[in-house]
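The data block below is upload26.txt; it holds compact mmCIF, C-alpha atoms.
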# COMPACT_ATOMS: atom_id res chain seq x y z
CA MET A 146 115.15 113.82 114.09
CA ASP A 147 115.29 111.31 116.97
CA VAL A 148 117.63 111.93 119.88
CA MET A 149 120.23 109.32 120.86
CA THR A 150 121.57 109.60 124.41
CA HIS A 151 125.03 108.53 125.55
CA SER A 152 126.49 108.07 129.01
CA SER A 153 129.63 106.38 130.34
CA THR A 154 127.91 104.95 133.40
CA PHE A 155 129.85 101.71 132.82
CA LEU A 156 132.83 103.56 134.35
CA LEU A 157 130.97 103.98 137.65
CA PRO A 158 130.99 101.34 140.42
CA SER A 159 127.22 100.99 140.13
CA SER A 160 124.74 102.15 137.51
CA PRO A 161 122.54 105.12 138.48
CA THR A 162 119.00 104.15 139.42
CA ASP A 163 116.72 106.21 137.22
CA ASN A 164 113.49 105.24 135.53
CA GLY A 165 115.00 104.85 132.08
CA PRO A 166 115.60 101.49 130.37
CA SER A 167 118.60 99.64 131.76
CA THR A 168 121.56 99.10 129.45
CA THR A 169 122.74 95.59 128.60
CA TYR A 170 126.53 95.44 128.31
CA ALA A 171 128.66 92.98 126.37
CA LEU A 172 132.44 93.10 126.88
CA LEU A 173 134.85 92.25 124.04
CA VAL A 174 138.54 91.84 124.92
CA LEU A 175 141.05 92.27 122.09
CA ASN A 176 144.74 91.40 122.13
CA GLN A 177 146.14 94.60 123.62
CA HIS A 178 146.94 95.82 127.15
CA LEU A 179 143.92 95.63 129.49
CA PRO A 180 142.72 98.96 130.92
CA ARG A 181 143.15 99.25 134.68
CA PHE A 182 139.35 99.30 135.09
CA THR A 183 138.73 96.00 133.26
CA PRO A 184 137.38 94.27 136.41
CA LEU A 185 134.74 97.02 136.61
CA LEU A 186 133.69 96.48 133.00
CA TRP A 187 133.59 92.72 133.61
CA LYS A 188 131.23 93.25 136.54
CA HIS A 189 128.82 95.32 134.43
CA ALA A 190 128.83 92.96 131.44
CA GLN A 191 126.27 90.21 130.92
CA LEU A 192 128.32 88.62 128.13
CA ARG A 193 132.14 88.44 128.01
CA ILE A 194 133.91 87.49 124.79
CA CYS A 195 137.64 87.27 124.13
CA ALA A 196 138.82 87.71 120.56
CA ASP A 197 141.63 85.19 120.02
CA GLY A 198 144.71 86.50 121.86
CA GLY A 199 142.50 88.64 124.07
CA ALA A 200 142.13 85.47 126.14
CA ASN A 201 145.89 85.56 126.80
CA ARG A 202 145.44 89.10 128.16
CA VAL A 203 142.68 88.04 130.53
CA TYR A 204 144.69 85.02 131.68
CA ASP A 205 147.96 86.95 132.16
CA GLU A 206 146.95 90.50 133.09
CA LEU A 207 143.82 90.28 135.22
CA PRO A 208 145.72 88.66 138.12
CA ARG A 209 148.16 91.59 137.97
CA LEU A 210 145.26 94.03 138.28
CA LEU A 211 144.18 92.17 141.43
CA PRO A 212 147.57 91.52 143.06
CA HIS A 213 146.20 90.78 146.52
CA GLU A 214 144.10 87.85 145.31
CA ASP A 215 145.10 84.29 144.46
CA VAL A 216 146.06 83.98 140.78
CA ILE A 217 144.08 80.80 140.12
CA ASP A 218 141.00 82.17 141.90
CA VAL A 219 141.12 85.29 139.73
CA ARG A 220 141.48 83.25 136.53
CA LYS A 221 138.55 81.04 137.47
CA ARG A 222 136.34 83.99 138.45
CA TYR A 223 137.08 85.97 135.29
CA LYS A 224 136.17 83.23 132.84
CA PRO A 225 135.09 84.40 129.37
CA ASP A 226 131.81 83.04 128.05
CA VAL A 227 133.19 82.75 124.51
CA ILE A 228 136.60 82.81 122.84
CA MET A 229 136.47 83.28 119.09
CA GLY A 230 138.58 84.42 116.16
CA ASP A 231 141.36 83.18 113.90
CA MET A 232 142.89 81.33 116.88
CA ASP A 233 146.39 82.12 115.67
CA SER A 234 147.43 84.10 118.77
CA ILE A 235 145.90 82.33 121.75
CA ARG A 236 148.25 79.97 123.60
CA ARG A 237 147.42 76.28 123.96
CA GLU A 238 147.55 76.40 127.77
CA VAL A 239 145.01 79.25 127.75
CA ILE A 240 142.59 77.37 125.47
CA ASP A 241 142.89 74.26 127.66
CA PHE A 242 142.37 76.23 130.89
CA TYR A 243 139.18 77.95 129.77
CA THR A 244 137.84 74.92 127.90
CA ASN A 245 138.01 72.97 131.15
CA LEU A 246 135.98 75.75 132.82
CA GLY A 247 133.26 75.52 130.16
CA THR A 248 134.13 78.46 127.88
CA GLU A 249 132.77 78.08 124.34
CA ILE A 250 135.55 78.07 121.72
CA ILE A 251 134.60 79.21 118.20
CA ASP A 252 137.27 78.81 115.50
CA GLU A 253 136.73 81.34 112.69
CA SER A 254 140.04 80.72 110.93
CA HIS A 255 138.16 79.94 107.69
CA ASP A 256 137.19 83.63 107.46
CA GLN A 257 140.20 85.76 106.53
CA ASP A 258 138.16 88.67 105.15
CA THR A 259 137.08 90.26 108.44
CA THR A 260 138.84 91.22 111.66
CA ASP A 261 138.35 89.42 114.95
CA LEU A 262 136.42 92.43 116.27
CA HIS A 263 134.08 92.29 113.27
CA LYS A 264 133.51 88.56 113.85
CA CYS A 265 132.71 89.11 117.53
CA VAL A 266 130.29 91.97 116.91
CA ALA A 267 128.50 89.96 114.22
CA PHE A 268 128.31 87.02 116.64
CA ILE A 269 126.67 89.19 119.30
CA ARG A 270 124.21 90.59 116.75
CA ASP A 271 123.25 87.26 115.16
CA CYS A 272 123.95 84.40 117.59
CA THR A 273 123.11 85.49 121.13
CA PRO A 274 119.32 85.15 121.52
CA ASN A 275 119.54 85.37 125.32
CA ILE A 276 121.04 88.87 125.24
CA GLU A 277 118.57 91.77 125.17
CA LYS A 278 119.43 93.78 122.05
CA SER A 279 117.09 96.77 122.36
CA ASN A 280 119.44 98.71 124.64
CA LEU A 281 122.71 96.85 124.06
CA CYS A 282 126.10 98.51 124.38
CA ILE A 283 129.29 96.68 123.37
CA LEU A 284 132.42 97.69 125.30
CA VAL A 285 135.70 96.89 123.54
CA THR A 286 139.04 96.83 125.35
CA GLY A 287 142.35 96.60 123.49
CA ALA A 288 140.92 98.42 120.48
CA LEU A 289 143.30 101.38 120.83
CA GLY A 290 147.08 101.32 121.10
CA GLY A 291 149.44 99.05 119.24
CA ARG A 292 149.53 99.06 115.44
CA PHE A 293 147.82 101.99 113.75
CA ASP A 294 146.31 99.82 111.00
CA HIS A 295 144.64 97.72 113.69
CA GLU A 296 143.20 100.88 115.25
CA VAL A 297 141.85 102.01 111.88
CA GLY A 298 140.33 98.56 111.33
CA ASN A 299 138.59 98.78 114.70
CA ILE A 300 137.25 102.26 113.93
CA ASN A 301 135.99 100.88 110.61
CA VAL A 302 133.94 98.33 112.56
CA LEU A 303 132.13 101.24 114.22
CA CYS A 304 131.12 102.42 110.75
CA ARG A 305 130.18 98.97 109.45
CA PHE A 306 127.92 98.35 112.45
CA SER A 307 126.66 101.93 112.70
CA THR A 308 123.25 100.93 114.09
CA MET A 309 124.85 99.24 117.11
CA ARG A 310 126.28 101.02 120.15
CA ILE A 311 129.98 100.15 120.31
CA VAL A 312 132.55 101.88 122.54
CA LEU A 313 136.30 101.48 121.94
CA LEU A 314 138.27 101.81 125.18
CA SER A 315 141.84 102.33 126.30
CA ASP A 316 143.36 103.34 129.64
CA ASP A 317 143.20 106.97 128.49
CA CYS A 318 140.04 107.54 126.46
CA LEU A 319 137.03 106.19 124.59
CA ILE A 320 135.86 106.48 120.99
CA LYS A 321 132.30 106.00 119.77
CA LEU A 322 130.36 106.75 116.59
CA LEU A 323 127.69 109.47 116.51
CA PRO A 324 125.58 108.54 113.45
CA ARG A 325 124.27 111.42 111.36
CA THR A 326 120.78 109.86 111.48
CA HIS A 327 120.29 111.19 115.04
CA CYS A 328 120.76 114.23 117.22
CA HIS A 329 122.95 113.32 120.18
CA GLU A 330 122.89 114.09 123.89
CA ILE A 331 126.06 113.10 125.73
CA HIS A 332 125.77 113.03 129.51
CA ILE A 333 129.23 113.55 130.96
CA GLN A 334 130.26 111.53 134.03
CA SER A 335 132.56 114.26 135.30
CA SER A 336 133.97 112.19 138.16
CA VAL A 337 135.61 109.76 135.72
CA GLU A 338 135.86 111.42 132.29
CA GLY A 339 136.87 114.69 130.68
CA PRO A 340 137.63 117.42 130.26
CA HIS A 341 139.47 116.83 126.95
CA CYS A 342 137.32 115.71 124.06
CA GLY A 343 137.06 115.76 120.29
CA LEU A 344 134.66 115.43 117.36
CA ILE A 345 136.06 114.05 114.10
CA PRO A 346 134.18 113.56 110.82
CA ILE A 347 134.41 110.01 109.52
CA GLY A 348 133.54 108.68 106.06
CA MET A 349 132.85 112.09 104.57
CA PRO A 350 133.39 115.76 105.40
CA SER A 351 130.80 117.50 107.54
CA GLN A 352 129.29 120.55 105.92
CA SER A 353 127.43 121.47 109.11
CA THR A 354 128.03 120.48 112.74
CA THR A 355 126.50 122.27 115.73
CA THR A 356 127.25 121.61 119.41
CA THR A 357 126.46 122.95 122.85
CA GLY A 358 128.29 122.43 126.12
CA LEU A 359 131.87 122.65 124.83
CA GLN A 360 134.46 125.34 125.45
CA TRP A 361 134.77 125.80 121.68
CA ASP A 362 131.28 125.05 120.40
CA LEU A 363 130.63 124.51 116.72
CA ALA A 364 127.89 126.55 115.04
CA ASP A 365 126.90 125.17 111.66
CA THR A 366 130.63 124.55 111.19
CA GLU A 367 132.32 122.70 108.33
CA MET A 368 134.78 119.98 109.40
CA LYS A 369 137.05 117.89 107.19
CA PHE A 370 140.55 116.43 107.07
CA GLY A 371 142.79 119.04 105.54
CA GLY A 372 140.65 121.68 107.25
CA LEU A 373 139.11 122.03 110.70
CA VAL A 374 138.57 119.04 113.00
CA SER A 375 137.52 119.59 116.61
CA THR A 376 140.42 118.06 118.54
CA SER A 377 141.65 119.15 122.00
CA ASN A 378 138.26 120.61 122.85
CA ILE A 379 137.03 120.86 126.46
CA VAL A 380 133.69 119.83 127.99
CA LYS A 381 132.21 122.72 129.96
CA GLU A 382 128.80 121.30 130.88
CA GLU A 383 127.52 117.90 131.95
CA ARG A 384 125.19 117.71 128.95
CA ILE A 385 126.68 118.00 125.47
CA THR A 386 124.53 118.16 122.34
CA VAL A 387 125.75 117.35 118.83
CA GLN A 388 124.01 117.52 115.47
CA SER A 389 125.79 116.94 112.16
CA ASP A 390 125.14 116.08 108.53
CA SER A 391 127.93 113.45 108.65
CA ASP A 392 128.89 110.63 110.96
CA LEU A 393 131.27 111.81 113.68
CA LEU A 394 133.65 110.11 116.08
CA TRP A 395 133.30 111.30 119.67
CA THR A 396 136.27 110.88 121.97
CA ILE A 397 136.75 111.92 125.59
CA SER A 398 139.63 111.46 128.01
CA PHE A 399 139.47 109.42 131.23
CA LYS A 400 140.47 110.59 134.68
CA LYS A 401 142.78 108.57 136.90
CA ALA A 402 139.99 108.34 139.48
CA ILE A 403 138.23 105.45 137.74
CA GLU A 404 138.00 102.57 140.20
CA GLU A 405 140.16 99.64 139.23
CA CYS A 406 137.87 96.98 140.63

Give the structure from this file in structure tokens form.
Amino acid sequence: MDVMTHSSTFLLPSSPTDNGPSTTYALLVLNQHLPRFTPLLWKHAQLRICADGGANRVYDELPRLLPHEDVIDVRKRYKPDVIMGDMDSIRREVIDFYTNLGTEIIDESHDQDTTDLHKCVAFIRDCTPNIEKSNLCILVTGALGGRFDHEVGNINVLCRFSTMRIVLLSDDCLIKLLPRTHCHEIHIQSSVEGPHCGLIPIGMPSQSTTTTGLQWDLADTEMKFGGLVSTSNIVKEERITVQSDSDLLWTISFKKAIEEC
């Protein structure tokens, strides 16, 4: 079984210089509170998309994250490449501001069967020929917090696009899918994440999950809702391995030391 590697180097001020293939990042901003490290994610990303009211968040909240800079300068510098979605939440002044700066506006209000996150991920997959897809990672802010049904919908997008690397982010933690088609190596960035972590079966129970590098490792362990799920675990090593017969959600906490810009 092939090995899939994972690393939260997007939380570091600069990406480590090793000989491996460089990761291409796309940033998706949903309509929830921006994490304090959003300027850092913006710097790493080669494509920045706001989903509908996510543009309001960039317009309103990024200047507050950079309080010592001029508000208009910040808004002009942090210009999304694309704003798309139902367009039922974004304010008119925000559309006009970014349109005048050259942002592409894509109205998807005709599609009421998928979420704005789904629309944006599909757009990146199908309509961005200039973005290198072979080592693409999509970072999603605003995916956690707020209404629980929205959170579940966002987690469902991870499952619907299981062949794509998508990371859901909040101020406190991340969530990503570990597909059962691979063994997984997770390289912990201990300066910015951990130690609390969890592994949660999604879609079906796991009859067998095995890990290394955790305080409470799993050894051919069954996990299911109504039984055992590995929450409130602790990373003990900087390399975690996971193998399972079901898809799993991996979550890990963030430290307050993450640079804010």

Quiz item: By how many Å are CA of Gly343 (chain A) and CA of Glu330 (chain A) apart?
Solution: 14.7 Å

Quiz prompt | Distance query Phe306 (chain A) at most 12 Å, only C-alpha atoms, self and fewer than 2 positions along chain excluded, as a list in words | solution =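 Once the adjacent positions are removed, what remains is Leu262, His263, Lys264, Cys265, Val266, Ala267, Ile269, Arg270, Ile283, Asn299, Ile300, Asn301, Val302, Leu303, Cys304, Thr308, Met309, Arg310, Ile311, Val312, Lys321, Leu322, Leu323 and Pro324 of chain A.
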
Quiz item: With only C-alpha atoms as the atoms that count, which of A:Glu206, A:Asp147, A:Glu253, A:Asp226 lies nearest to Thr273 (chain A)?
Solution: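 Of all the options, A:Asp226 lies closest to Thr273 (chain A).
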
Quiz prompt | Proximity to Gln191 (chain A) - best of A:Asn245, A:Ser375, A:Gln177, A:Thr169, all atoms listed in the file | solution =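 Answer, going by the shortest atom-to-atom distance: A:Thr169.
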
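We find CA of Trp187 (chain A) and CA of Thr386 (chain A) to be spaced 29.3 Å apart.
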
Quiz prompt | Counting all atoms listed in the file, the residue of A:Leu314, A:Ile194, A:Ala364, A:Val219 that sits nearest Arg181 (chain A) | solution =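 Using all atoms listed in the file, Arg181 (chain A) sits closest to A:Leu314.
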
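You will find CA of Arg305 (chain A) at 22.8 Å from CA of Ala190 (chain A).
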
Quiz prompt | Shell around Leu363 (chain A) at 9 Å using all atoms listed in the file, local window under 3 positions removed, as a list in words | solution =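 Counting only the stated atoms, we get Ser353, Thr354, Thr355, Thr356, Thr357, Leu359, Thr366, Glu367, Ser375 and Val387 of chain A.
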
Practice problem: Can you pull out every residue within 9 Å of Leu246 (chain A), counting all atoms listed in the file, but drop anything in the same chain fewer than 3 positions away, and send it as a PyMOL selection string? | Solution: chain A and resi 221+224+241-243

Set up a box along x, y and z of the file covering all listed atoms of region 370-387 of chain A, add 8 Å on every one of the six sides, and write the centre and edge lengths in Å to one decimal, as JSON.
{"center_x": 133.7, "center_y": 119.6, "center_z": 118.7, "size_x": 34.3, "size_y": 22.3, "size_z": 42.4}
